[in-house]
Amino acid sequence: MNYIILIIAGIAGVILGTYLARRRRAGKEWAQGRKSLTPLERKPLPGLIKKQAQEKEENKRKITEFFGVAQNNRVTNDDIENLLGVSDATATRYLDELGKEGLIRQIGKTGRHVYYEKVK
């Protein structure tokens with residue numbers, strides 16, 4: 001009697017496994033057949049890029065104004081993070097852009113002893 005139950009359970013398991021495998025394969029084939037847009041094909045919402053550019057310029061303006069208030073006219077990456085509420089990477093990008101524009105210069109290469117001064 002126990003053997004019959006084991007055989008029936010085994011057959012049910014094989015049938016269920018086959019069903020789930022076919023269903024999964026069909027889902028993958030459907031997903032591959034569907035065309036997804038690349039980032040270049042996606043069009044941003046109207047005005048989004050303009051809004052982001054305005055925010056970026058506003059943040060860069062705040063940074064340059066902060067140099068007048070900063071102690072010894074020295075600003076660190078952490079100061080910018082706290083001022084704008086942005087990540088370390090974003091603060092670094094802002095400071096790099098201002099450096100490329102010739103408004104500030106970096107003193108030091110790496111580490112916690114790096115600071116920025118406004119170009120006079």
# chains A, B, ... in the order shown; residues from 1 in each chain; ligands from 1

call {"tool": "residues_around", "arguments": {"residues": "Lys60 in chain A", "least_positions_apart": "5", "cutoff": "9 Å", "atoms": "only C-alpha atoms", "output": "PyMOL selection string"}}
result
chain A and resi 55+65+94-95+97-98

call {"tool": "select_by_dssp", "arguments": {"residues": "range 55-99 of chain A", "states": "helix (DSSP H, G or I)", "output": "ChimeraX atom specification"}}
result
/A:55-69,71-73,77-84,88-99

call {"tool": "closest_residue", "arguments": {"among": "A:Lys51, A:Arg74, A:Lys56, A:Arg23", "to": "Tyr115 in chain A", "atoms": "only C-alpha atoms"}}
result
A:Arg74

call {"tool": "atom_distance", "arguments": {"atom1": "CA of Arg24 in chain A", "atom2": "CA of Ile7 in chain A"}}
result
25.8 Å

call {"tool": "residues_around", "arguments": {"residues": "Gln106 in chain A", "least_positions_apart": "6", "cutoff": "10 Å", "atoms": "only C-alpha atoms", "output": "tab-separated table (two decimals) with N, CA, C and O atoms, in the first residue's frame"}}
result
chain	number	residue	atom	x	y	z
A	74	ARG	N	37.93	77.89	2.79
A	74	ARG	CA	38.22	76.52	2.42
A	74	ARG	C	36.96	75.68	2.56
A	74	ARG	O	36.25	75.78	3.55
A	75	VAL	N	36.71	74.85	1.56
A	75	VAL	CA	35.53	74.01	1.55
A	75	VAL	C	35.96	72.57	1.28
A	75	VAL	O	36.81	72.33	0.42
A	76	THR	N	35.37	71.64	2.01
A	76	THR	CA	35.64	70.22	1.77
A	76	THR	C	34.43	69.57	1.11
A	76	THR	O	33.34	70.16	1.07
A	95	LEU	N	32.03	69.82	-7.53
A	95	LEU	CA	33.32	70.47	-7.31
A	95	LEU	C	34.24	70.31	-8.51
A	95	LEU	O	34.96	71.25	-8.87
A	96	ASP	N	34.22	69.16	-9.15
A	96	ASP	CA	35.03	68.96	-10.36
A	96	ASP	C	34.59	69.91	-11.48
A	96	ASP	O	35.43	70.48	-12.18
A	99	GLY	N	35.75	73.32	-10.78
A	99	GLY	CA	37.20	73.37	-11.03
A	99	GLY	C	37.51	73.49	-12.51
A	99	GLY	O	38.39	74.25	-12.91
A	114	VAL	N	42.06	66.86	1.49
A	114	VAL	CA	41.71	67.60	0.28
A	114	VAL	C	40.70	68.68	0.63
A	114	VAL	O	39.73	68.45	1.34
A	115	TYR	N	40.94	69.87	0.13
A	115	TYR	CA	39.98	70.94	0.29
A	115	TYR	C	40.00	71.79	-0.99
A	115	TYR	O	40.84	71.60	-1.86
A	116	TYR	N	39.06	72.70	-1.09
A	116	TYR	CA	38.92	73.52	-2.29
A	116	TYR	C	38.96	74.98	-1.89
A	116	TYR	O	38.44	75.38	-0.86
A	117	GLU	N	39.60	75.79	-2.74
A	117	GLU	CA	39.67	77.23	-2.54
A	117	GLU	C	39.08	77.92	-3.76
A	117	GLU	O	39.20	77.44	-4.87
A	118	LYS	N	38.48	79.08	-3.51
A	118	LYS	CA	37.95	79.87	-4.60
A	118	LYS	C	39.11	80.58	-5.28
A	118	LYS	O	40.00	81.12	-4.63
A	119	VAL	N	39.10	80.58	-6.61
A	119	VAL	CA	40.14	81.26	-7.37
A	119	VAL	C	39.87	82.75	-7.32
A	119	VAL	O	38.75	83.21	-7.55

call {"tool": "atom_distance", "arguments": {"atom1": "CA of Leu83 in chain A", "atom2": "CA of Lys109 in chain A"}}
result
22.4 Å

call {"tool": "atom_distance", "arguments": {"atom1": "CA of Lys100 in chain A", "atom2": "CA of Phe66 in chain A"}}
result
18.2 Å

call {"tool": "select_by_dssp", "arguments": {"residues": "chain A", "states": "strand (DSSP E or B)", "output": "list in words"}}
result
Arg74, Val75, Ile104, Arg105, Gln106, Ile107, Tyr115, Tyr116, Glu117 and Lys118 of chain A
